[in-house]
4 protein chains.
Amino acid sequence: MLHFDTDYMRGACPEIIKRICETNLEQTVGYGLDEYTQRAKEAIRQTIGRDDAEIHFLVGGTQTNATVIDGVLGKFEGVLCAETAHINVHEAGAIEASGHKVLTLPTEDGKIKAEDVEKCVRDFNRDESRDHIVAPGMVYISFPTETGSLYTLKELEDLHRVCSNNSLPLYIDGARLGYGIMARGNDVSIKDIARLCDIFYIGGTKVGALFGEAVVVCNNNLLKHFFPLIKQHGALLAKGRLLGLQFETLFTDNLYFKLSNNATERAMELREAFVAKGYEPYGFSPSNQQFFVMSKEEINTLKSKVSFEIWAWEDDNRAVVRFVTDWATSKQEVMQLIDCL
Amino acid sequence: MLHFDTDYMRGACPEIIKRICETNLEQTVGYGLDEYTQRAKEAIRQTIGRDDAEIHFLVGGTQTNATVIDGVLGKFEGVLCAETAHINVHEAGAIEASGHKVLTLPTEDGKIKAEDVEKCVRDFNRDESRDHIVAPGMVYISFPTETGSLYTLKELEDLHRVCSNNSLPLYIDGARLGYGIMARGNDVSIKDIARLCDIFYIGGTKVGALFGEAVVVCNNNLLKHFFPLIKQHGALLAKGRLLGLQFETLFTDNLYFKLSNNATERAMELREAFVAKGYEPYGFSPSNQQFFVMSKEEINTLKSKVSFEIWAWEDDNRAVVRFVTDWATSKQEVMQLIDCL
Amino acid sequence: MLHFDTDYMRGACPEIIKRICETNLEQTVGYGLDEYTQRAKEAIRQTIGRDDAEIHFLVGGTQTNATVIDGVLGKFEGVLCAETAHINVHEAGAIEASGHKVLTLPTEDGKIKAEDVEKCVRDFNRDESRDHIVAPGMVYISFPTETGSLYTLKELEDLHRVCSNNSLPLYIDGARLGYGIMARGNDVSIKDIARLCDIFYIGGTKVGALFGEAVVVCNNNLLKHFFPLIKQHGALLAKGRLLGLQFETLFTDNLYFKLSNNATERAMELREAFVAKGYEPYGFSPSNQQFFVMSKEEINTLKSKVSFEIWAWEDDNRAVVRFVTDWATSKQEVMQLIDCL
Amino acid sequence: MLHFDTDYMRGACPEIIKRICETNLEQTVGYGLDEYTQRAKEAIRQTIGRDDAEIHFLVGGTQTNATVIDGVLGKFEGVLCAETAHINVHEAGAIEASGHKVLTLPTEDGKIKAEDVEKCVRDFNRDESRDHIVAPGMVYISFPTETGSLYTLKELEDLHRVCSNNSLPLYIDGARLGYGIMARGNDVSIKDIARLCDIFYIGGTKVGALFGEAVVVCNNNLLKHFFPLIKQHGALLAKGRLLGLQFETLFTDNLYFKLSNNATERAMELREAFVAKGYEPYGFSPSNQQFFVMSKEEINTLKSKVSFEIWAWEDDNRAVVRFVTDWATSKQEVMQLIDCL
């Protein structure tokens, strides 16, 4: 059986496993105050070109989004995002459970437009009833988006400008950040990300780590008193050095980007083969998630040999399906998949 | 200056003021355990034809919605409603502040369709990721809606059927219930309301009371332990008898409906005159709120003599505006308004 | 039947009823933006000698406490108070329902000591685990306390100093503020209150109003964006002018203090008579609530003629009971009560 | 430098590291639906003698407590526990952040008494104001407690009886469960735990795992719909099989108890040596945490060679300090510590 369900099906890259083994019996202080964690922070600061960034390590993505957004928003504010955003659709109401409204903008491709953010703020400001309305308090985007698409540098700069002009912190969910950065045709570097947003997180879970996400606070006036909030959200790992160790490894010798590159190269091979065989792509994703429209019959046939996700049913007979590569997907696996089509 | 801003600009109907004066120095127990409150409950039960209904009196609408919805929903559930619903737009995030997601359905006229509710539930049930998605846990509608439109009896029966089949409690926000019941062309009685939903509230604030809303729990398996929740939400009035007194008065001799009828008759006069003068109605409202599209210039001119609300700007030069009548609006006031056009 | 259960059993003082009647059919804008509300604010500012105070009117006490405390605290902070505090015991968890921990200090008489606040802060600051502990974020006291006792001016000044030194906002719950100010032996004026705390509220519900509490923000760096938070808490009265009208009336010609004085004078008569008849006072209350220890038999006998509250059972045979006077209690009522003993 | 700060300073036991390495590149479905997780559940069910128990794996302790308690309590209910309980003191307000009050009982040794629980429920039930008071909705205890003490079988049976009689779910925080079970003199087995409480969790983080806690629901009418709540709390690990793998390993061949036994044996050696050298124990702990009272000077001297925690300052010159052993502490480490005294 081949598996293209998602990018968190395997463990960690061998370099990480090696470090976990080597350091296993060392004793370090808990909660991220250890030296591995400090070195990981330093390695990330070097990579993004921001000496002043504050960095926190959490365990998973939903947890990270809920904790960051809870830390940034005032009680009367909500978070603006695409209607397809992970926080709006697939986090079981975690944002609302900590008291905040998710304010959605329409989207065709998983991205939101600077002009829609601007319109939303302007409409709010001139609404006579605005004191009865949840104020837009920050903007959430994902890079890549939930359907694999990418903001161009120009689009990010536009969002940055609108957010700055309106004092809206811009937060980027980078659960698959590496797969976006290394995507074919992408013109956004991690330094651009660090320059253009207020906070972002670098996904580890899906990009070579056992688990873990690195929150990078570029605008360090935000998220003061964040440590107790991490604890309050149940997001503080006792053995914090496990997170430090992993991110130190990922951000040594460009490993994070090398791992990411494997996934996006395999994804392009997969995409081209699917298209060559006549399958209809759904949307345009240059990153490690590839979407196609398939008939129920095609799905059932393929499912006997390959596991993959049904993303959404278009009607009773056709669905959008998803194939995902990761840091460890081999050329051979992709070829085997193609042979099954 | 004429005032057509909204229906909570005056105090209470004279009958209520009289009762408040007459009973002012009596001493009664607090928190709604007094005899006035018991009699008000009995009068409402008679009116709606449901001896078994449980009734609670709260102070205002946002408070009522937040407390009821918090009482009905499980922690993993959200409330389905129109994207234009009061709870989604104009309650400052009160639903989310108590931890619950508002799940919106598209709407053209402020109403939601039974088939959209059904589709939402079906999509949820067959989504492979449904354990990561907020489950639809109840349905919220308003009667009349925020833009004055009304569900027909057939539409309510359809919603009732879909909700019953899917074990979704149906909750009706009746902030302006009387104005809906007494609207021209309406075919829904208050007994129909009580038969077709699980919980509804009868608005007092906007319909002749000083303040107060009566929550009617038709399905009394819901909202067990509601009293401490009312207290927790800060919605328990110490001098509860003030609420009892008012609703006893409103539900004696059909006063609630007589007061409502005045508003809807005046609204029809207003509407017809506006249309006759060439103003374009916005949507179709048979109840006490009337919406028209006006140019900025028309608005500015009229604002010097009449106060009214700008509902939403359509573009930089045109806006939807709202004129509202109430239980006390006189024929003369409507005529004066028409003369200003 | 005589009623000494509590101070919210009657309606409002005649002056307020008169004003409600006189203005009933006027149309004013909602939500406290009307002129009555502005004049009420001005009257309170004059009375407390603080031109810069921001004032908001809410409906009830639990609601006011929950909204103010939610507005002041950061997410990682809790509110320090006596273990007997109303917010800790009798608000159905309203503070926790908006996400905040109530941090209790021991008390013998309902009051907390400046030195205990100081010790709590010092212990927190030197605790190695303080990032895992809820930080003290504000101090709540009630004046009078839940058992009728009063802080002396010296005690308030000490609390003020400790709070200032530690950047802890001091908030005073004045549900029965007038009854404290006018208590025999009290040396604290309302101007002292306004000088020594950051926020307090002036109780109307229990002191002559139909309902309503006035939040006075002396330190107006606190509670920015409070209006939408009031709305979010369901605490915004549509017909806000009803609150304005009442407080304008109460703060005209010293009415608030005259009404309060009646209650405390009657309470002293009551107390002296009880003591003369050999009943044991519980604690020392110079304000309008009087507590005594009674046997079950005494309680049962008296209950046939007088209604009053059992405050707490000391053992199976003896309980602390409470008798409360209010702005309208007559000398005759007190004499009738005494005759029943 | 010797380290006796806490029991989460090292990685995992070698058996777990070996399994993580062996299975690293396998692809499994996420979120705990994999076969490792199923086998871990089976192994735990066998060990506790409860075929019907439902088991969920979460990442850390605070997260587990917050999620379980949020799942069990109704909105109007609070959780009863010792005033020293971890949830009351060291979880940064996580329980309150999800809306629930922590109701504390006095304690001398970290344990609560069945009779105090019973009194609390009785007082609540006969309080005339109980609808304004947070209802006791469940009982939380820790085994061992935060200061290392243990409930006897008799004490647990008493708590079980009182809880059952009053329909209060009993929840046991077993962050250090193994260290309690294997403590010298303990008469409670893990089967007793599973028989006497409704829910407990088996701590992995502190007892040989890299991380992870196993929630065991013995009364499986509780915690329905728990999966989405885990997700909502940000407590769902994407690579759930990592948790399954670890608990499968720990509950194979009694490994969990063998690892635990090492810690408690070392703790007894440590304790006896401290006492022999004249140090005053603080409380009585038969488990892996040992507390002593030391002077500031003794602390400062020892801190140059050994790291350990200051638990609480008794006065300016004396503090309670804590020394913790774990599954990997060697006899040699203990001897070196003793030599430093």
# chains A, B, ... in the order shown; residues from 1 in each chain; ligands from 1
$ residues_around --residues "B:Gly234" --least-positions-apart "3" --cutoff "10 Å" --atoms "only C-alpha atoms" --output "PyMOL selection string"
(chain B and resi 58-59+63+67+228-231+237) or (chain C and resi 59-67+91-92+94+233-235)
$ write_last_selection --atoms "C-alpha atoms" --output "JSON list (two decimals), in the first residue's frame"
[["chain", "number", "residue", "atom", "x", "y", "z"],
["B", 58, "LEU", "CA", -34.08, 38.20, 30.99],
["B", 59, "VAL", "CA", -33.25, 41.85, 30.44],
["B", 63, "GLN", "CA", -27.78, 38.71, 26.75],
["B", 67, "THR", "CA", -27.23, 32.74, 27.55],
["B", 228, "PRO", "CA", -27.41, 29.39, 37.50],
["B", 229, "LEU", "CA", -26.37, 29.97, 33.88],
["B", 230, "ILE", "CA", -28.53, 33.10, 33.76],
["B", 231, "LYS", "CA", -26.78, 34.25, 36.91],
["B", 237, "LEU", "CA", -32.34, 40.84, 37.39],
["C", 59, "VAL", "CA", -27.83, 46.99, 34.86],
["C", 60, "GLY", "CA", -26.77, 44.70, 37.72],
["C", 61, "GLY", "CA", -23.94, 43.87, 40.07],
["C", 62, "THR", "CA", -22.72, 40.47, 38.91],
["C", 63, "GLN", "CA", -22.76, 41.75, 35.36],
["C", 64, "THR", "CA", -20.80, 44.81, 36.38],
["C", 65, "ASN", "CA", -18.17, 42.84, 38.25],
["C", 66, "ALA", "CA", -17.73, 40.34, 35.42],
["C", 67, "THR", "CA", -17.45, 43.05, 32.76],
["C", 91, "GLU", "CA", -21.84, 35.03, 41.24],
["C", 92, "ALA", "CA", -22.22, 31.49, 39.87],
["C", 94, "ALA", "CA", -19.18, 34.57, 36.29],
["C", 233, "HIS", "CA", -21.12, 40.80, 28.09],
["C", 234, "GLY", "CA", -24.79, 41.38, 27.29],
["C", 235, "ALA", "CA", -24.67, 44.30, 29.72]]
$ interface_residues --of "chain A" --to "chain C" --cutoff "12 Å" --atoms "only C-alpha atoms" --output "ChimeraX atom specification"
/A:30-31,67,70-77,97-101,129-135,223-236,238
$ residues_around --residues "A:Asn219" --least-positions-apart "6" --cutoff "10 Å" --atoms "only C-alpha atoms" --output "ChimeraX atom specification"
/A:52-54,169-170,194-195,197-199
$ residues_around --residues "B:Ala319" --least-positions-apart "6" --cutoff "7 Å" --atoms "only C-alpha atoms" --output "MDAnalysis selection string"
chainID B and resid 293:295 310 312:313
$ write_last_selection --atoms "N, CA and C atoms" --output "mmCIF file, in the first residue's frame"
data_model
loop_
_atom_site.group_PDB
_atom_site.id
_atom_site.type_symbol
_atom_site.label_atom_id
_atom_site.label_comp_id
_atom_site.auth_asym_id
_atom_site.auth_seq_id
_atom_site.Cartn_x
_atom_site.Cartn_y
_atom_site.Cartn_z
ATOM 1 N N VAL B 293 -33.271 52.472 -0.612
ATOM 2 C CA VAL B 293 -31.977 52.934 -1.105
ATOM 3 C C VAL B 293 -32.082 54.428 -1.377
ATOM 4 N N MET B 294 -31.141 55.188 -0.831
ATOM 5 C CA MET B 294 -31.160 56.639 -1.031
ATOM 6 C C MET B 294 -29.770 57.139 -1.422
ATOM 7 N N SER B 295 -29.762 58.261 -2.104
ATOM 8 C CA SER B 295 -28.467 58.870 -2.439
ATOM 9 C C SER B 295 -27.972 59.655 -1.222
ATOM 10 N N ILE B 310 -28.430 54.757 8.810
ATOM 11 C CA ILE B 310 -27.811 54.280 7.572
ATOM 12 C C ILE B 310 -27.445 52.827 7.820
ATOM 13 N N ALA B 312 -26.315 50.392 5.488
ATOM 14 C CA ALA B 312 -25.071 49.955 4.839
ATOM 15 C C ALA B 312 -24.863 50.804 3.601
ATOM 16 N N TRP B 313 -23.618 51.136 3.329
ATOM 17 C CA TRP B 313 -23.305 51.880 2.107
ATOM 18 C C TRP B 313 -23.188 50.901 0.955
#
$ closest_residue --among "D:Leu156, D:Leu259, D:Leu337, D:Ala40" --to "D:Arg241" --atoms "only C-alpha atoms"
D:Ala40
$ select_by_dssp --residues "stretch 112-156 of chain C" --states "helix (DSSP H, G or I)" --output "list of chain:residue names"
C:Ala114, C:Glu115, C:Asp116, C:Val117, C:Glu118, C:Lys119, C:Cys120, C:Val121, C:Arg122, C:Asp123, C:Phe124, C:Asn125, C:Arg126, C:Arg130, C:Asp131, C:His132, C:Leu153, C:Lys154, C:Glu155, C:Leu156
$ atom_distance --atom1 "atom CA of D:Ile69" --atom2 "atom CA of D:Arg122"
22.2 Å
$ residues_around --residues "A:Leu302" --least-positions-apart "4" --cutoff "8 Å" --atoms "only C-alpha atoms" --output "compact mmCIF listing (two decimals) with C-alpha atoms, in the first residue's frame"
# COMPACT_ATOMS: atom_id res chain seq x y z
CA GLU A 298 -11.59 6.24 -10.17
CA VAL A 306 -3.03 3.91 -2.51
CA CYS A 340 -1.49 2.74 -10.32
CA LEU A 341 -3.38 5.41 -12.24
$ select_by_dssp --residues "stretch 78-167 of chain A" --states "strand (DSSP E)" --output "list in words"
Gly78, Val79, Leu80, Cys81, Ala82, Val102, Leu103, Thr104, Leu105, Ala135, Pro136, Gly137, Met138, Val139, Tyr140, Ile141 and Ser142 of chain A
$ write_last_selection --atoms "N, CA, C and O atoms" --output "compact mmCIF listing (two decimals), in the first residue's frame"
# COMPACT_ATOMS: atom_id res chain seq x y z
N GLY A 78 -11.50 40.36 16.62
CA GLY A 78 -11.49 39.07 15.96
C GLY A 78 -10.33 38.98 14.98
O GLY A 78 -9.61 39.94 14.74
N VAL A 79 -10.17 37.79 14.42
CA VAL A 79 -9.07 37.56 13.49
C VAL A 79 -9.64 37.40 12.07
O VAL A 79 -10.53 36.58 11.83
N LEU A 80 -9.12 38.20 11.17
CA LEU A 80 -9.53 38.16 9.76
C LEU A 80 -8.78 37.05 9.03
O LEU A 80 -7.56 36.94 9.15
N CYS A 81 -9.48 36.27 8.23
CA CYS A 81 -8.81 35.22 7.45
C CYS A 81 -9.70 34.79 6.29
O CYS A 81 -10.86 35.20 6.20
N ALA A 82 -9.16 33.96 5.43
CA ALA A 82 -9.94 33.39 4.34
C ALA A 82 -10.98 32.44 4.90
O ALA A 82 -10.75 31.79 5.92
N VAL A 102 -13.77 34.46 14.57
CA VAL A 102 -13.05 34.37 13.31
C VAL A 102 -13.88 35.11 12.26
O VAL A 102 -15.05 34.78 12.05
N LEU A 103 -13.28 36.13 11.67
CA LEU A 103 -13.96 36.97 10.69
C LEU A 103 -13.48 36.57 9.30
O LEU A 103 -12.30 36.71 8.99
N THR A 104 -14.38 36.08 8.46
CA THR A 104 -13.91 35.49 7.20
C THR A 104 -14.05 36.43 6.01
O THR A 104 -14.97 37.22 5.93
N LEU A 105 -13.11 36.28 5.10
CA LEU A 105 -13.13 36.98 3.82
C LEU A 105 -13.30 35.94 2.73
O LEU A 105 -12.81 34.82 2.85
N ALA A 135 -14.35 44.00 16.17
CA ALA A 135 -13.37 44.77 15.40
C ALA A 135 -12.32 43.83 14.80
O ALA A 135 -11.87 42.90 15.45
N PRO A 136 -11.93 44.07 13.53
CA PRO A 136 -10.80 43.30 13.00
C PRO A 136 -9.55 43.64 13.83
O PRO A 136 -9.20 44.81 13.96
N GLY A 137 -8.92 42.61 14.40
CA GLY A 137 -7.81 42.85 15.32
C GLY A 137 -6.49 42.29 14.85
O GLY A 137 -5.43 42.65 15.39
N MET A 138 -6.51 41.43 13.86
CA MET A 138 -5.27 40.90 13.27
C MET A 138 -5.66 40.18 11.98
O MET A 138 -6.84 39.94 11.74
N VAL A 139 -4.66 39.87 11.19
CA VAL A 139 -4.91 39.13 9.94
C VAL A 139 -4.12 37.83 9.98
O VAL A 139 -2.94 37.82 10.34
N TYR A 140 -4.80 36.74 9.63
CA TYR A 140 -4.18 35.42 9.56
C TYR A 140 -4.13 34.97 8.12
O TYR A 140 -5.15 35.00 7.43
N ILE A 141 -2.96 34.60 7.66
CA ILE A 141 -2.87 33.91 6.36
C ILE A 141 -2.01 32.66 6.56
O ILE A 141 -1.31 32.53 7.57
N SER A 142 -2.09 31.74 5.60
CA SER A 142 -1.22 30.58 5.66
C SER A 142 -0.35 30.57 4.41
O SER A 142 -0.78 30.97 3.33
$ atom_distance --atom1 "atom CA of B:Val217" --atom2 "atom CA of B:Asn166"
18.9 Å
$ residues_around --residues "C:Glu280" --least-positions-apart "3" --cutoff "10 Å" --atoms "only C-alpha atoms" --output "number ranges by chain"
C: 271, 274-277, 283, 291-294, 320
$ write_last_selection --atoms "C-alpha atoms" --output "mmCIF file, in the first residue's frame"
data_model
loop_
_atom_site.group_PDB
_atom_site.id
_atom_site.type_symbol
_atom_site.label_atom_id
_atom_site.label_comp_id
_atom_site.auth_asym_id
_atom_site.auth_seq_id
_atom_site.Cartn_x
_atom_site.Cartn_y
_atom_site.Cartn_z
ATOM 1 C CA ARG C 271 -29.314 46.276 66.064
ATOM 2 C CA PHE C 274 -31.797 42.920 69.116
ATOM 3 C CA VAL C 275 -28.834 43.289 71.412
ATOM 4 C CA ALA C 276 -31.048 44.616 74.157
ATOM 5 C CA LYS C 277 -33.175 41.521 73.801
ATOM 6 C CA GLY C 283 -19.429 40.252 63.324
ATOM 7 C CA PHE C 291 -26.289 39.602 61.367
ATOM 8 C CA PHE C 292 -27.187 37.611 64.465
ATOM 9 C CA VAL C 293 -26.783 34.058 65.663
ATOM 10 C CA MET C 294 -30.108 32.348 66.341
ATOM 11 C CA VAL C 320 -26.283 33.119 61.318
#
$ atom_distance --atom1 "atom CA of A:Leu210" --atom2 "atom CA of D:Thr249"
18.0 Å
